[in-house]
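Undergrad: What follows is a structure written as C-alpha cells; I'll ask about it next.
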Amino acid sequence: MFKPLPETLKKIEERNNRLKAEYLKKKDALVAEAKAREARIQERAKKYAAEFVASEKKIIADTEKAEQEGAYYIPAEAKVALVVRIRGLNKTHPRIRKILRLFRLRQKNNATFIRLNKASIEMLKLVDNYVAYGYPSVGMVRKLICQHGSCEINGQRLPLTTNELVRAGLGHVGIESVEDLAHEIYTCGPNFTVASRFIWPFKLASPKGGMRKVTRHYIEGGAYGNREHLIDALVERMI
C-alpha cells in the first residue's frame, strides 16, 4: 500500500493544525459575541421593566394629584390596538373583505396588532361589526408573543421559541430578542410596522363560555366593537 512521503505528512499536519487554530479562534469569537449579546438583552429587559414601573407610578401620582385638586386625570390615547375577528364573511361587502385582508384577519378568531392612526381608526369603524378590539396591557402583549407567537421567515410560519429567530428576522432594525419585540409593539416604536408584520396573526380559539351576541355592540351587551382596556378579558378566554 502506498504511504505518503514524510514531507507530505508534515504538510498535512501543518494544514490541519492551521485549520484547527482558525476554527478555535472563530469559535471563541462567536462564544464571546453570544455572551455579550445575552448580557445586552438582559440589560434591555431590565430597562423595559423599569420604564413600565416608572410610567405606572407616574399615572398613579397624576391621578391622585388631580383628585386632590378636584379635577380629572385623562391618560394619553392608546397607540396600539389588538384586533380580533369574530365573524365570518358570508354576504359581506368587498370593501369589508379588503380591510380585513389589510389587517391580516383572514380567518375567524385571528388577532393582530394594529397601529392606531387616522386611517386605521376609520377602517376599524368600517369593519366594526366584524371585529372586537381594544388596547392590550403590557402583560397581554408579552403573553401573546412569548407563549402563542409565531413568526414568518422565508415564507414559513415558525413558533417564536428562541431569540435567535427574532434576531434573524429583525436584527437589521436592532430588535434582537422577544423582549425587544414585545417592547416595540407595546410602545408603538419606530419599527412597529416591520415588527408587527414579522409576527404571524395569532390563531386563537373560541372563547371559553362562548361569545355573546356577535350582531350586537359590546356596550349593548354584545361582542363586537371597541372594548378599550377590557380586551384582555376576552383574549384571556380565547388563549
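Here, A, B, ... name the chains of the C-alpha cells in the order displayed, residue numbers run from 1 inside each chain, and ligands are numbered from 1 in the same displayed order.
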Neighbouring residues of range 173-187 of chain A were defined as those with any atom within 7 Å, considering only C-alpha atoms; residues of the same chain fewer than 5 positions away were excluded. Please report them as a PDB file with C-alpha atoms, in the first residue's frame.
TA:
```pdb
ATOM      1  CA  ILE A  41     -30.604  41.506  26.063  1.00  0.00           C
ATOM      2  CA  ALA A  45     -35.210  43.679  29.635  1.00  0.00           C
ATOM      3  CA  VAL A  80     -51.807  50.227  19.563  1.00  0.00           C
ATOM      4  CA  VAL A 138     -48.102  45.074  28.622  1.00  0.00           C
ATOM      5  CA  VAL A 141     -48.741  41.718  24.693  1.00  0.00           C
ATOM      6  CA  ARG A 142     -45.887  39.752  26.283  1.00  0.00           C
ATOM      7  CA  ILE A 145     -45.884  36.950  21.820  1.00  0.00           C
ATOM      8  CA  CYS A 146     -43.945  34.753  24.244  1.00  0.00           C
ATOM      9  CA  ASN A 163     -34.316  34.901  20.482  1.00  0.00           C
ATOM     10  CA  VAL A 166     -36.144  37.282  16.308  1.00  0.00           C
ATOM     11  CA  ARG A 167     -32.549  38.280  15.596  1.00  0.00           C
ATOM     12  CA  PHE A 192     -43.670  48.873  14.689  1.00  0.00           C
ATOM     13  CA  ALA A 195     -42.208  44.098  13.896  1.00  0.00           C
ATOM     14  CA  SER A 196     -45.964  43.545  13.573  1.00  0.00           C
TER      15      SER A 196
END
```
Undergrad: What lies within 7 Å of range 217-225 of chain A using only C-alpha atoms, ignoring chain neighbours under 2 positions off, as an mmCIF file with C-alpha atoms, in the first residue's frame?
TA:
```cif
data_model
loop_
_atom_site.group_PDB
_atom_site.id
_atom_site.type_symbol
_atom_site.label_atom_id
_atom_site.label_comp_id
_atom_site.auth_asym_id
_atom_site.auth_seq_id
_atom_site.Cartn_x
_atom_site.Cartn_y
_atom_site.Cartn_z
ATOM 1 C CA ASP A 128 -66.665 47.400 13.483
ATOM 2 C CA ASN A 129 -69.396 44.737 13.135
ATOM 3 C CA TYR A 130 -66.862 42.001 12.368
ATOM 4 C CA VAL A 131 -64.174 42.546 14.994
ATOM 5 C CA ALA A 132 -63.648 43.032 18.689
ATOM 6 C CA TYR A 133 -60.747 45.277 19.562
ATOM 7 C CA MET A 211 -69.230 34.541 22.603
ATOM 8 C CA ARG A 212 -72.043 36.930 23.409
ATOM 9 C CA LYS A 213 -74.325 38.002 20.569
ATOM 10 C CA VAL A 214 -71.960 38.872 17.720
ATOM 11 C CA THR A 215 -74.527 41.074 15.971
ATOM 12 C CA ARG A 227 -63.724 47.231 24.389
#
```
Undergrad: Enumerate, as a PyMOL selection string, the complete set of residues in range 62-234 of chain A that a backbone-based DSSP assignment places in alpha helix (DSSP H).
TA: chain A and resi 62-68+94-102+118-126+138-148+163-170+178-187+192-198+231-234
Undergrad: To one decimal place in Å, what is the distance between CA of Lys27 in chain A and CA of Asn154 in chain A?
TA: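 The value is 27.2 Å.
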Undergrad: Please identify all polymer residues within 9 Å of Ser137 in chain A, counting only C-alpha atoms, omitting same-chain residues fewer than 6 positions from it, and present them as a PDB file with C-alpha atoms, in the first residue's frame.
TA:
```
ATOM      1  CA  TYR A 186     -46.483  47.925  23.090  1.00  0.00           C
ATOM      2  CA  HIS A 229     -58.840  48.164  28.119  1.00  0.00           C
ATOM      3  CA  ILE A 231     -59.929  43.432  25.549  1.00  0.00           C
ATOM      4  CA  ASP A 232     -57.565  41.481  27.837  1.00  0.00           C
TER       5      ASP A 232
END
```
Undergrad: Among the residues of range 132-184 of chain A, find those DSSP assigns to strand (DSSP E or B) from the backbone and print them as a PyMOL selection string.
TA: chain A and resi 132-134+150-153+156-159
